[in-house]
$ cat target.txt   # compact mmCIF, N, CA and C atoms
# COMPACT_ATOMS: atom_id res chain seq x y z
N MET A 161 0.84 -1.18 0.00
CA MET A 161 0.00 0.00 0.00
C MET A 161 0.88 1.25 0.00
N LYS A 162 0.63 2.13 -0.93
CA LYS A 162 1.39 3.38 -0.99
C LYS A 162 0.84 4.36 0.04
N THR A 163 1.70 5.25 0.49
CA THR A 163 1.27 6.25 1.45
C THR A 163 0.90 7.55 0.73
N LEU A 164 0.08 8.32 1.38
CA LEU A 164 -0.32 9.60 0.82
C LEU A 164 0.84 10.57 0.93
N GLN A 165 0.94 11.44 -0.03
CA GLN A 165 2.01 12.43 -0.08
C GLN A 165 1.36 13.81 -0.17
N ARG A 166 2.00 14.79 0.44
CA ARG A 166 1.50 16.16 0.38
C ARG A 166 2.41 17.02 -0.47
N THR A 167 1.80 18.00 -1.12
CA THR A 167 2.56 18.94 -1.92
C THR A 167 1.89 20.30 -1.87
N LEU A 168 2.66 21.30 -2.24
CA LEU A 168 2.12 22.66 -2.32
C LEU A 168 2.03 23.06 -3.78
N THR A 169 0.99 23.77 -4.10
CA THR A 169 0.88 24.40 -5.41
C THR A 169 0.43 25.83 -5.21
N ILE A 170 0.83 26.67 -6.14
CA ILE A 170 0.43 28.08 -6.13
C ILE A 170 -0.13 28.43 -7.51
N VAL A 171 -1.33 28.96 -7.52
CA VAL A 171 -1.85 29.56 -8.74
C VAL A 171 -1.25 30.96 -8.75
N LYS A 172 -0.42 31.22 -9.76
CA LYS A 172 0.37 32.44 -9.81
C LYS A 172 -0.47 33.65 -10.24
N PRO A 173 0.08 34.87 -10.03
CA PRO A 173 -0.70 36.08 -10.32
C PRO A 173 -1.26 36.16 -11.74
N ASP A 174 -0.54 35.65 -12.73
CA ASP A 174 -1.05 35.73 -14.10
C ASP A 174 -2.32 34.90 -14.27
N ALA A 175 -2.35 33.71 -13.68
CA ALA A 175 -3.53 32.86 -13.79
C ALA A 175 -4.69 33.40 -12.96
N VAL A 176 -4.39 34.01 -11.82
CA VAL A 176 -5.45 34.64 -11.02
C VAL A 176 -6.08 35.77 -11.84
N ARG A 177 -5.24 36.58 -12.48
CA ARG A 177 -5.75 37.69 -13.31
C ARG A 177 -6.62 37.19 -14.47
N LYS A 178 -6.32 36.00 -14.97
CA LYS A 178 -7.09 35.42 -16.09
C LYS A 178 -8.35 34.68 -15.62
N ASN A 179 -8.64 34.74 -14.32
CA ASN A 179 -9.80 34.03 -13.75
C ASN A 179 -9.72 32.53 -14.00
N ALA A 180 -8.51 31.98 -13.87
CA ALA A 180 -8.28 30.55 -14.11
C ALA A 180 -8.37 29.70 -12.85
N VAL A 181 -8.55 30.32 -11.69
CA VAL A 181 -8.48 29.58 -10.43
C VAL A 181 -9.48 28.43 -10.39
N GLY A 182 -10.73 28.68 -10.72
CA GLY A 182 -11.76 27.64 -10.67
C GLY A 182 -11.44 26.47 -11.59
N ASP A 183 -11.00 26.78 -12.79
CA ASP A 183 -10.64 25.73 -13.75
C ASP A 183 -9.47 24.89 -13.23
N ILE A 184 -8.48 25.54 -12.67
CA ILE A 184 -7.30 24.82 -12.16
C ILE A 184 -7.69 23.94 -10.98
N ILE A 185 -8.51 24.46 -10.07
CA ILE A 185 -8.98 23.64 -8.94
C ILE A 185 -9.78 22.45 -9.45
N GLU A 186 -10.59 22.66 -10.47
CA GLU A 186 -11.34 21.55 -11.06
C GLU A 186 -10.40 20.46 -11.58
N GLN A 187 -9.27 20.86 -12.16
CA GLN A 187 -8.29 19.88 -12.64
C GLN A 187 -7.70 19.07 -11.48
N PHE A 188 -7.45 19.72 -10.35
CA PHE A 188 -6.96 18.99 -9.18
C PHE A 188 -7.97 17.94 -8.75
N GLU A 189 -9.22 18.33 -8.68
CA GLU A 189 -10.26 17.41 -8.24
C GLU A 189 -10.48 16.28 -9.23
N LYS A 190 -10.47 16.58 -10.52
CA LYS A 190 -10.63 15.54 -11.55
C LYS A 190 -9.48 14.53 -11.50
N ASN A 191 -8.32 14.97 -11.02
CA ASN A 191 -7.15 14.10 -10.94
C ASN A 191 -6.94 13.54 -9.54
N ASN A 192 -8.01 13.53 -8.75
CA ASN A 192 -8.06 12.87 -7.45
C ASN A 192 -7.12 13.45 -6.39
N PHE A 193 -6.80 14.73 -6.51
CA PHE A 193 -6.08 15.39 -5.42
C PHE A 193 -7.09 15.78 -4.35
N ARG A 194 -6.71 15.62 -3.12
CA ARG A 194 -7.54 16.10 -2.01
C ARG A 194 -6.98 17.45 -1.59
N ILE A 195 -7.84 18.46 -1.52
CA ILE A 195 -7.42 19.78 -1.08
C ILE A 195 -7.48 19.82 0.44
N LEU A 196 -6.31 20.01 1.05
CA LEU A 196 -6.22 20.05 2.51
C LEU A 196 -6.35 21.47 3.05
N ALA A 197 -5.94 22.44 2.25
CA ALA A 197 -6.03 23.84 2.65
C ALA A 197 -5.88 24.70 1.40
N MET A 198 -6.46 25.90 1.47
CA MET A 198 -6.38 26.82 0.33
C MET A 198 -6.55 28.23 0.87
N LYS A 199 -5.74 29.15 0.33
CA LYS A 199 -5.91 30.56 0.70
C LYS A 199 -5.45 31.45 -0.43
N MET A 200 -6.19 32.55 -0.58
CA MET A 200 -5.78 33.60 -1.52
C MET A 200 -5.12 34.69 -0.69
N LEU A 201 -3.97 35.15 -1.18
CA LEU A 201 -3.24 36.17 -0.46
C LEU A 201 -2.31 36.89 -1.42
N GLU A 202 -1.73 37.96 -0.94
CA GLU A 202 -0.68 38.65 -1.69
C GLU A 202 0.58 38.59 -0.85
N ILE A 203 1.70 38.30 -1.51
CA ILE A 203 2.98 38.31 -0.81
C ILE A 203 3.79 39.50 -1.32
N ASN A 204 4.62 40.04 -0.43
CA ASN A 204 5.46 41.16 -0.85
C ASN A 204 6.77 40.63 -1.43
N LYS A 205 7.58 41.53 -1.94
CA LYS A 205 8.85 41.15 -2.59
C LYS A 205 9.74 40.35 -1.64
N HIS A 206 9.86 40.80 -0.39
CA HIS A 206 10.70 40.10 0.59
C HIS A 206 10.21 38.67 0.83
N GLN A 207 8.91 38.50 0.96
CA GLN A 207 8.35 37.16 1.16
C GLN A 207 8.61 36.28 -0.06
N ALA A 208 8.47 36.84 -1.25
CA ALA A 208 8.76 36.09 -2.47
C ALA A 208 10.23 35.69 -2.51
N GLU A 209 11.11 36.58 -2.09
CA GLU A 209 12.55 36.27 -2.04
C GLU A 209 12.83 35.14 -1.06
N GLN A 210 12.15 35.15 0.08
CA GLN A 210 12.33 34.07 1.06
C GLN A 210 11.83 32.74 0.50
N PHE A 211 10.67 32.76 -0.13
CA PHE A 211 10.09 31.53 -0.67
C PHE A 211 10.98 30.94 -1.76
N TYR A 212 11.50 31.78 -2.63
CA TYR A 212 12.32 31.33 -3.75
C TYR A 212 13.82 31.47 -3.48
N ALA A 213 14.23 31.46 -2.21
CA ALA A 213 15.64 31.64 -1.85
C ALA A 213 16.55 30.62 -2.53
N VAL A 214 16.04 29.43 -2.81
CA VAL A 214 16.83 28.40 -3.48
C VAL A 214 17.32 28.87 -4.85
N HIS A 215 16.62 29.84 -5.44
CA HIS A 215 16.99 30.35 -6.76
C HIS A 215 17.81 31.65 -6.70
N ALA A 216 18.13 32.12 -5.50
CA ALA A 216 18.90 33.37 -5.37
C ALA A 216 20.19 33.24 -6.18
N GLY A 217 20.53 34.28 -6.89
CA GLY A 217 21.74 34.26 -7.71
C GLY A 217 21.51 33.78 -9.13
N ARG A 218 20.36 33.19 -9.40
CA ARG A 218 20.06 32.75 -10.77
C ARG A 218 19.54 33.95 -11.56
N PRO A 219 19.73 33.94 -12.87
CA PRO A 219 19.37 35.12 -13.68
C PRO A 219 17.90 35.53 -13.59
N PHE A 220 17.01 34.59 -13.35
CA PHE A 220 15.58 34.88 -13.34
C PHE A 220 15.03 35.24 -11.96
N TYR A 221 15.87 35.20 -10.92
CA TYR A 221 15.42 35.37 -9.53
C TYR A 221 14.69 36.69 -9.32
N ASN A 222 15.25 37.79 -9.76
CA ASN A 222 14.64 39.09 -9.52
C ASN A 222 13.30 39.23 -10.24
N SER A 223 13.25 38.82 -11.50
CA SER A 223 11.98 38.93 -12.23
C SER A 223 10.93 37.98 -11.66
N LEU A 224 11.36 36.81 -11.19
CA LEU A 224 10.43 35.86 -10.57
C LEU A 224 9.83 36.44 -9.30
N THR A 225 10.67 36.99 -8.44
CA THR A 225 10.15 37.52 -7.17
C THR A 225 9.31 38.79 -7.40
N ASP A 226 9.67 39.59 -8.42
CA ASP A 226 8.82 40.73 -8.78
C ASP A 226 7.44 40.23 -9.23
N PHE A 227 7.45 39.24 -10.11
CA PHE A 227 6.21 38.68 -10.64
C PHE A 227 5.33 38.09 -9.53
N MET A 228 5.93 37.29 -8.65
CA MET A 228 5.15 36.62 -7.62
C MET A 228 4.58 37.60 -6.59
N SER A 229 5.14 38.79 -6.51
CA SER A 229 4.62 39.80 -5.59
C SER A 229 3.80 40.86 -6.33
N SER A 230 3.40 40.57 -7.56
CA SER A 230 2.68 41.55 -8.39
C SER A 230 1.16 41.51 -8.26
N GLY A 231 0.64 40.55 -7.51
CA GLY A 231 -0.81 40.45 -7.37
C GLY A 231 -1.19 39.23 -6.56
N PRO A 232 -2.48 39.00 -6.39
CA PRO A 232 -2.93 37.86 -5.59
C PRO A 232 -2.47 36.52 -6.16
N ILE A 233 -2.23 35.60 -5.24
CA ILE A 233 -1.92 34.20 -5.56
C ILE A 233 -2.89 33.32 -4.77
N VAL A 234 -3.01 32.07 -5.18
CA VAL A 234 -3.79 31.10 -4.41
C VAL A 234 -2.88 29.93 -4.09
N ALA A 235 -2.62 29.75 -2.80
CA ALA A 235 -1.79 28.64 -2.33
C ALA A 235 -2.69 27.50 -1.89
N LEU A 236 -2.32 26.28 -2.31
CA LEU A 236 -3.11 25.10 -1.94
C LEU A 236 -2.20 23.99 -1.43
N ALA A 237 -2.64 23.32 -0.39
CA ALA A 237 -2.00 22.10 0.08
C ALA A 237 -2.80 20.94 -0.49
N LEU A 238 -2.13 20.07 -1.22
CA LEU A 238 -2.79 18.94 -1.88
C LEU A 238 -2.25 17.62 -1.35
N GLU A 239 -3.07 16.58 -1.45
CA GLU A 239 -2.65 15.26 -0.97
C GLU A 239 -3.18 14.17 -1.88
N LYS A 240 -2.36 13.19 -2.13
CA LYS A 240 -2.74 11.94 -2.81
C LYS A 240 -1.50 11.08 -2.88
N GLU A 241 -1.62 9.85 -3.31
CA GLU A 241 -0.44 9.02 -3.59
C GLU A 241 0.31 9.67 -4.75
N GLU A 242 1.62 9.72 -4.65
CA GLU A 242 2.45 10.29 -5.72
C GLU A 242 2.04 11.72 -6.07
N ALA A 243 1.67 12.50 -5.06
CA ALA A 243 1.16 13.86 -5.28
C ALA A 243 2.15 14.74 -6.03
N ILE A 244 3.42 14.67 -5.68
CA ILE A 244 4.41 15.57 -6.28
C ILE A 244 4.56 15.26 -7.77
N ALA A 245 4.80 14.02 -8.10
CA ALA A 245 4.99 13.64 -9.51
C ALA A 245 3.71 13.86 -10.31
N ASP A 246 2.56 13.51 -9.73
CA ASP A 246 1.30 13.67 -10.45
C ASP A 246 0.98 15.15 -10.70
N LEU A 247 1.26 16.00 -9.71
CA LEU A 247 1.01 17.42 -9.89
C LEU A 247 1.93 17.99 -10.97
N ARG A 248 3.19 17.60 -10.94
CA ARG A 248 4.14 18.14 -11.92
C ARG A 248 3.73 17.73 -13.34
N LYS A 249 3.21 16.51 -13.48
CA LYS A 249 2.73 16.07 -14.79
C LYS A 249 1.51 16.88 -15.22
N LEU A 250 0.59 17.11 -14.29
CA LEU A 250 -0.61 17.88 -14.58
C LEU A 250 -0.27 19.35 -14.91
N MET A 251 0.74 19.89 -14.26
CA MET A 251 1.15 21.27 -14.51
C MET A 251 1.69 21.42 -15.93
N GLY A 252 2.51 20.49 -16.37
CA GLY A 252 3.14 20.59 -17.68
C GLY A 252 4.52 21.22 -17.59
N ALA A 253 5.22 21.25 -18.70
CA ALA A 253 6.58 21.79 -18.75
C ALA A 253 6.60 23.25 -18.31
N THR A 254 7.71 23.66 -17.69
CA THR A 254 7.87 25.03 -17.22
C THR A 254 7.62 26.03 -18.35
N ASN A 255 8.13 25.72 -19.52
CA ASN A 255 7.89 26.56 -20.69
C ASN A 255 6.61 26.05 -21.36
N PRO A 256 5.55 26.85 -21.37
CA PRO A 256 4.29 26.36 -21.93
C PRO A 256 4.38 25.96 -23.40
N ALA A 257 5.36 26.50 -24.11
CA ALA A 257 5.54 26.11 -25.51
C ALA A 257 5.90 24.63 -25.63
N ASN A 258 6.49 24.07 -24.56
CA ASN A 258 6.87 22.65 -24.54
C ASN A 258 5.89 21.78 -23.76
N ALA A 259 4.84 22.37 -23.21
CA ALA A 259 3.89 21.63 -22.38
C ALA A 259 2.95 20.80 -23.25
N GLU A 260 2.58 19.64 -22.73
CA GLU A 260 1.65 18.77 -23.44
C GLU A 260 0.24 19.33 -23.40
N GLU A 261 -0.54 19.01 -24.43
CA GLU A 261 -1.96 19.37 -24.45
C GLU A 261 -2.63 18.80 -23.20
N GLY A 262 -3.56 19.53 -22.66
CA GLY A 262 -4.30 19.08 -21.48
C GLY A 262 -3.66 19.46 -20.17
N THR A 263 -2.45 20.02 -20.21
CA THR A 263 -1.81 20.44 -18.96
C THR A 263 -2.23 21.87 -18.62
N ILE A 264 -2.08 22.20 -17.36
CA ILE A 264 -2.47 23.53 -16.88
C ILE A 264 -1.66 24.62 -17.58
N ARG A 265 -0.36 24.41 -17.72
CA ARG A 265 0.47 25.44 -18.35
C ARG A 265 0.16 25.59 -19.84
N LYS A 266 -0.16 24.50 -20.52
CA LYS A 266 -0.52 24.61 -21.94
C LYS A 266 -1.75 25.49 -22.10
N LYS A 267 -2.69 25.34 -21.17
CA LYS A 267 -3.96 26.08 -21.27
C LYS A 267 -3.84 27.51 -20.76
N TRP A 268 -3.11 27.74 -19.66
CA TRP A 268 -3.18 29.03 -18.98
C TRP A 268 -1.90 29.86 -18.97
N ALA A 269 -0.75 29.28 -19.22
CA ALA A 269 0.50 30.04 -19.13
C ALA A 269 0.72 30.90 -20.37
N THR A 270 1.38 32.02 -20.17
CA THR A 270 1.70 32.94 -21.26
C THR A 270 3.09 32.66 -21.81
N ASN A 271 4.05 32.46 -20.91
CA ASN A 271 5.44 32.21 -21.29
C ASN A 271 6.17 31.54 -20.14
N ILE A 272 7.46 31.33 -20.29
CA ILE A 272 8.23 30.60 -19.29
C ILE A 272 8.25 31.32 -17.94
N GLU A 273 8.16 32.64 -17.94
CA GLU A 273 8.15 33.38 -16.67
C GLU A 273 6.75 33.53 -16.09
N HIS A 274 5.76 33.72 -16.93
CA HIS A 274 4.37 33.83 -16.48
C HIS A 274 3.68 32.51 -16.83
N ASN A 275 3.99 31.49 -16.01
CA ASN A 275 3.59 30.13 -16.36
C ASN A 275 2.49 29.54 -15.48
N ALA A 276 1.68 30.40 -14.90
CA ALA A 276 0.39 30.06 -14.29
C ALA A 276 0.43 29.33 -12.95
N ILE A 277 1.40 28.45 -12.73
CA ILE A 277 1.31 27.58 -11.56
C ILE A 277 2.69 27.16 -11.08
N HIS A 278 2.78 26.99 -9.76
CA HIS A 278 4.00 26.47 -9.13
C HIS A 278 3.63 25.16 -8.45
N GLY A 279 4.57 24.23 -8.42
CA GLY A 279 4.38 22.99 -7.67
C GLY A 279 5.69 22.54 -7.07
N SER A 280 5.64 22.01 -5.88
CA SER A 280 6.85 21.49 -5.22
C SER A 280 7.50 20.44 -6.09
N ASP A 281 8.84 20.37 -6.05
CA ASP A 281 9.55 19.42 -6.92
C ASP A 281 10.10 18.20 -6.19
N ALA A 282 10.01 18.16 -4.86
CA ALA A 282 10.52 17.02 -4.09
C ALA A 282 9.89 17.05 -2.69
N GLU A 283 10.01 15.95 -1.96
CA GLU A 283 9.38 15.88 -0.63
C GLU A 283 9.93 16.92 0.33
N ASP A 284 11.26 17.12 0.35
CA ASP A 284 11.82 18.11 1.28
C ASP A 284 11.39 19.52 0.89
N THR A 285 11.32 19.80 -0.39
CA THR A 285 10.84 21.10 -0.86
C THR A 285 9.38 21.28 -0.47
N ALA A 286 8.58 20.25 -0.65
CA ALA A 286 7.15 20.32 -0.31
C ALA A 286 6.97 20.63 1.18
N ARG A 287 7.76 19.99 2.05
CA ARG A 287 7.64 20.26 3.49
C ARG A 287 7.92 21.73 3.78
N PHE A 288 9.00 22.27 3.21
CA PHE A 288 9.33 23.68 3.42
C PHE A 288 8.22 24.58 2.88
N GLU A 289 7.80 24.32 1.65
CA GLU A 289 6.82 25.17 1.00
C GLU A 289 5.46 25.14 1.69
N LEU A 290 5.03 23.96 2.12
CA LEU A 290 3.77 23.86 2.85
C LEU A 290 3.83 24.66 4.14
N SER A 291 4.95 24.55 4.87
CA SER A 291 5.06 25.27 6.14
C SER A 291 5.22 26.77 5.93
N PHE A 292 5.66 27.20 4.76
CA PHE A 292 5.78 28.62 4.46
C PHE A 292 4.40 29.27 4.41
N PHE A 293 3.42 28.56 3.86
CA PHE A 293 2.08 29.13 3.68
C PHE A 293 1.04 28.65 4.68
N PHE A 294 1.24 27.49 5.31
CA PHE A 294 0.21 26.93 6.17
C PHE A 294 0.79 26.45 7.50
N ALA A 295 0.14 26.82 8.58
CA ALA A 295 0.44 26.23 9.88
C ALA A 295 -0.22 24.84 9.91
N GLY A 296 0.37 23.93 10.65
CA GLY A 296 -0.16 22.57 10.69
C GLY A 296 -1.64 22.49 10.99
N TYR A 297 -2.13 23.33 11.90
CA TYR A 297 -3.54 23.30 12.26
C TYR A 297 -4.46 23.74 11.12
N GLU A 298 -3.91 24.37 10.08
CA GLU A 298 -4.73 24.83 8.96
C GLU A 298 -5.02 23.72 7.95
N LEU A 299 -4.34 22.59 8.05
CA LEU A 299 -4.53 21.50 7.09
C LEU A 299 -5.67 20.61 7.55
N ALA A 300 -6.58 20.32 6.65
CA ALA A 300 -7.73 19.46 6.96
C ALA A 300 -7.23 18.08 7.36
N LYS A 301 -7.96 17.45 8.22
CA LYS A 301 -7.61 16.09 8.68
C LYS A 301 -8.15 15.07 7.70

$ encode --input "target.txt" --output "structure tokens"
Amino acid sequence: MKTLQRTLTIVKPDAVRKNAVGDIIEQFEKNNFRILAMKMLEINKHQAEQFYAVHAGRPFYNSLTDFMSSGPIVALALEKEEAIADLRKLMGATNPANAEEGTIRKKWATNIEHNAIHGSDAEDTARFELSFFFAGYELAK
């Protein structure tokens, strides 16, 4: 028996502006993700820098943190078996030009920087990212 895995996803400001939140949540539910918590919020530049600290020093870091602090986001804690891998497949390639049909990024992303959605890439990353946005008591049982 496989164990349930948790992951974090963020509907990014570009997708929120396009009114894509409902459609994206519907994709999570159709793909058997359980939503444990969800919140809409705005983060400032400093918070975006803290969240994406792993990318500090990379060429896209400043534009990424500017973008992520440019408007409302929706953070969700999701759960299912193989949640991380399944979410990453559902999201599609980082560059929407390379994303498969039927993926969230193929449908909603504009370009590699405004790519609609974030998802944790590993279990340790997911633990950090979930705790960044949600206190343990905020996750549904």

$ residues_around --input "target.txt" --residues "range 199-212 of chain A" --least-positions-apart "2" --cutoff "12 Å" --atoms "only C-alpha atoms" --output "JSON, numbers by chain"
{"A": [168, 169, 170, 171, 172, 173, 176, 181, 195, 196, 197, 214, 215, 216, 217, 218, 220, 221, 222, 223, 224, 225, 226, 227, 228, 229, 230, 231, 232, 233, 234, 235, 236, 237, 278, 280, 285, 286, 288, 289, 290, 291, 292, 293, 294, 295, 298, 299]}

$ write_last_selection --input "target.txt" --atoms "N, CA and C atoms" --output "CSV table (one decimal), in the frame of the given file"
chain,number,residue,atom,x,y,z
A,168,LEU,N,2.7,21.3,-2.2
A,168,LEU,CA,2.1,22.7,-2.3
A,168,LEU,C,2.0,23.1,-3.8
A,169,THR,N,1.0,23.8,-4.1
A,169,THR,CA,0.9,24.4,-5.4
A,169,THR,C,0.4,25.8,-5.2
A,170,ILE,N,0.8,26.7,-6.1
A,170,ILE,CA,0.4,28.1,-6.1
A,170,ILE,C,-0.1,28.4,-7.5
A,171,VAL,N,-1.3,29.0,-7.5
A,171,VAL,CA,-1.8,29.6,-8.7
A,171,VAL,C,-1.2,31.0,-8.8
A,172,LYS,N,-0.4,31.2,-9.8
A,172,LYS,CA,0.4,32.4,-9.8
A,172,LYS,C,-0.5,33.6,-10.2
A,173,PRO,N,0.1,34.9,-10.0
A,173,PRO,CA,-0.7,36.1,-10.3
A,173,PRO,C,-1.3,36.2,-11.7
A,176,VAL,N,-4.4,34.0,-11.8
A,176,VAL,CA,-5.4,34.6,-11.0
A,176,VAL,C,-6.1,35.8,-11.8
A,181,VAL,N,-8.6,30.3,-11.7
A,181,VAL,CA,-8.5,29.6,-10.4
A,181,VAL,C,-9.5,28.4,-10.4
A,195,ILE,N,-7.8,18.5,-1.5
A,195,ILE,CA,-7.4,19.8,-1.1
A,195,ILE,C,-7.5,19.8,0.4
A,196,LEU,N,-6.3,20.0,1.0
A,196,LEU,CA,-6.2,20.0,2.5
A,196,LEU,C,-6.4,21.5,3.0
A,197,ALA,N,-5.9,22.4,2.2
A,197,ALA,CA,-6.0,23.8,2.6
A,197,ALA,C,-5.9,24.7,1.4
A,214,VAL,N,16.0,29.4,-2.8
A,214,VAL,CA,16.8,28.4,-3.5
A,214,VAL,C,17.3,28.9,-4.8
A,215,HIS,N,16.6,29.8,-5.4
A,215,HIS,CA,17.0,30.4,-6.8
A,215,HIS,C,17.8,31.6,-6.7
A,216,ALA,N,18.1,32.1,-5.5
A,216,ALA,CA,18.9,33.4,-5.4
A,216,ALA,C,20.2,33.2,-6.2
A,217,GLY,N,20.5,34.3,-6.9
A,217,GLY,CA,21.7,34.3,-7.7
A,217,GLY,C,21.5,33.8,-9.1
A,218,ARG,N,20.4,33.2,-9.4
A,218,ARG,CA,20.1,32.8,-10.8
A,218,ARG,C,19.5,34.0,-11.6
A,220,PHE,N,17.0,34.6,-13.4
A,220,PHE,CA,15.6,34.9,-13.3
A,220,PHE,C,15.0,35.2,-12.0
A,221,TYR,N,15.9,35.2,-10.9
A,221,TYR,CA,15.4,35.4,-9.5
A,221,TYR,C,14.7,36.7,-9.3
A,222,ASN,N,15.2,37.8,-9.8
A,222,ASN,CA,14.6,39.1,-9.5
A,222,ASN,C,13.3,39.2,-10.2
A,223,SER,N,13.2,38.8,-11.5
A,223,SER,CA,12.0,38.9,-12.2
A,223,SER,C,10.9,38.0,-11.7
A,224,LEU,N,11.4,36.8,-11.2
A,224,LEU,CA,10.4,35.9,-10.6
A,224,LEU,C,9.8,36.4,-9.3
A,225,THR,N,10.7,37.0,-8.4
A,225,THR,CA,10.2,37.5,-7.2
A,225,THR,C,9.3,38.8,-7.4
A,226,ASP,N,9.7,39.6,-8.4
A,226,ASP,CA,8.8,40.7,-8.8
A,226,ASP,C,7.4,40.2,-9.2
A,227,PHE,N,7.4,39.2,-10.1
A,227,PHE,CA,6.2,38.7,-10.6
A,227,PHE,C,5.3,38.1,-9.5
A,228,MET,N,5.9,37.3,-8.6
A,228,MET,CA,5.2,36.6,-7.6
A,228,MET,C,4.6,37.6,-6.6
A,229,SER,N,5.1,38.8,-6.5
A,229,SER,CA,4.6,39.8,-5.6
A,229,SER,C,3.8,40.9,-6.3
A,230,SER,N,3.4,40.6,-7.6
A,230,SER,CA,2.7,41.6,-8.4
A,230,SER,C,1.2,41.5,-8.3
A,231,GLY,N,0.6,40.6,-7.5
A,231,GLY,CA,-0.8,40.4,-7.4
A,231,GLY,C,-1.2,39.2,-6.6
A,232,PRO,N,-2.5,39.0,-6.4
A,232,PRO,CA,-2.9,37.9,-5.6
A,232,PRO,C,-2.5,36.5,-6.2
A,233,ILE,N,-2.2,35.6,-5.2
A,233,ILE,CA,-1.9,34.2,-5.6
A,233,ILE,C,-2.9,33.3,-4.8
A,234,VAL,N,-3.0,32.1,-5.2
A,234,VAL,CA,-3.8,31.1,-4.4
A,234,VAL,C,-2.9,29.9,-4.1
A,235,ALA,N,-2.6,29.8,-2.8
A,235,ALA,CA,-1.8,28.6,-2.3
A,235,ALA,C,-2.7,27.5,-1.9
A,236,LEU,N,-2.3,26.3,-2.3
A,236,LEU,CA,-3.1,25.1,-1.9
A,236,LEU,C,-2.2,24.0,-1.4
A,237,ALA,N,-2.6,23.3,-0.4
A,237,ALA,CA,-2.0,22.1,0.1
A,237,ALA,C,-2.8,20.9,-0.5
A,278,HIS,N,2.8,27.0,-9.8
A,278,HIS,CA,4.0,26.5,-9.1
A,278,HIS,C,3.6,25.2,-8.4
A,280,SER,N,5.6,22.0,-5.9
A,280,SER,CA,6.8,21.5,-5.2
A,280,SER,C,7.5,20.4,-6.1
A,285,THR,N,11.3,19.8,-0.4
A,285,THR,CA,10.8,21.1,-0.9
A,285,THR,C,9.4,21.3,-0.5
A,286,ALA,N,8.6,20.2,-0.6
A,286,ALA,CA,7.2,20.3,-0.3
A,286,ALA,C,7.0,20.6,1.2
A,288,PHE,N,9.0,22.3,3.2
A,288,PHE,CA,9.3,23.7,3.4
A,288,PHE,C,8.2,24.6,2.9
A,289,GLU,N,7.8,24.3,1.6
A,289,GLU,CA,6.8,25.2,1.0
A,289,GLU,C,5.5,25.1,1.7
A,290,LEU,N,5.0,24.0,2.1
A,290,LEU,CA,3.8,23.9,2.8
A,290,LEU,C,3.8,24.7,4.1
A,291,SER,N,5.0,24.6,4.9
A,291,SER,CA,5.1,25.3,6.1
A,291,SER,C,5.2,26.8,5.9
A,292,PHE,N,5.7,27.2,4.8
A,292,PHE,CA,5.8,28.6,4.5
A,292,PHE,C,4.4,29.3,4.4
A,293,PHE,N,3.4,28.6,3.9
A,293,PHE,CA,2.1,29.1,3.7
A,293,PHE,C,1.0,28.6,4.7
A,294,PHE,N,1.2,27.5,5.3
A,294,PHE,CA,0.2,26.9,6.2
A,294,PHE,C,0.8,26.4,7.5
A,295,ALA,N,0.1,26.8,8.6
A,295,ALA,CA,0.4,26.2,9.9
A,295,ALA,C,-0.2,24.8,9.9
A,298,GLU,N,-3.9,24.4,10.1
A,298,GLU,CA,-4.7,24.8,9.0
A,298,GLU,C,-5.0,23.7,8.0
A,299,LEU,N,-4.3,22.6,8.0
A,299,LEU,CA,-4.5,21.5,7.1
A,299,LEU,C,-5.7,20.6,7.6

$ atom_distance --input "target.txt" --atom1 "atom C of Ile264 in chain A" --atom2 "CA of Gly252 in chain A"
6.3 Å

$ atom_distance --input "target.txt" --atom1 "atom N of Arg265 in chain A" --atom2 "atom C of Lys190 in chain A"
14.8 Å

$ atom_distance --input "target.txt" --atom1 "atom N of Ala269 in chain A" --atom2 "atom C of Asn179 in chain A"
10.9 Å

$ residues_around --input "target.txt" --residues "Glu241 in chain A" --least-positions-apart "2" --cutoff "7 Å" --atoms "only C-alpha atoms" --output "tab-separated table (two decimals) with N, CA and C atoms, in the coordinates of the input"
chain	number	residue	atom	x	y	z
A	162	LYS	N	0.63	2.13	-0.93
A	162	LYS	CA	1.39	3.38	-0.99
A	162	LYS	C	0.84	4.36	0.04
A	163	THR	N	1.70	5.25	0.49
A	163	THR	CA	1.27	6.25	1.45
A	163	THR	C	0.90	7.55	0.73
A	164	LEU	N	0.08	8.32	1.38
A	164	LEU	CA	-0.32	9.60	0.82
A	164	LEU	C	0.84	10.57	0.93
A	165	GLN	N	0.94	11.44	-0.03
A	165	GLN	CA	2.01	12.43	-0.08
A	165	GLN	C	1.36	13.81	-0.17
A	243	ALA	N	1.67	12.50	-5.06
A	243	ALA	CA	1.16	13.86	-5.28
A	243	ALA	C	2.15	14.74	-6.03

$ select_by_dssp --input "target.txt" --residues "chain A" --states "strand (DSSP E)" --output "number ranges by chain"
A: 164-171, 194-201, 233-241, 277-279

$ closest_residue --input "target.txt" --among "A:Ala180, A:Met198, A:Leu250, A:Ala276" --to "Gly262 in chain A" --atoms "only N, CA and C atoms"
A:Leu250

$ closest_residue --input "target.txt" --among "A:Ala213, A:Ala253, A:Ile185, A:Ala245" --to "Ala282 in chain A" --atoms "all atoms listed in the file"
A:Ala245

$ closest_residue --input "target.txt" --among "A:Arg287, A:Gly279, A:Glu239, A:Glu189" --to "Met251 in chain A" --atoms "only N, CA and C atoms"
A:Gly279

$ select_by_dssp --input "target.txt" --residues "chain A" --states "alpha helix (DSSP H)" --output "VMD selection string"
chain A and resid 173 to 177 181 to 190 205 to 211 221 to 228 243 to 251 264 to 268 283 to 293
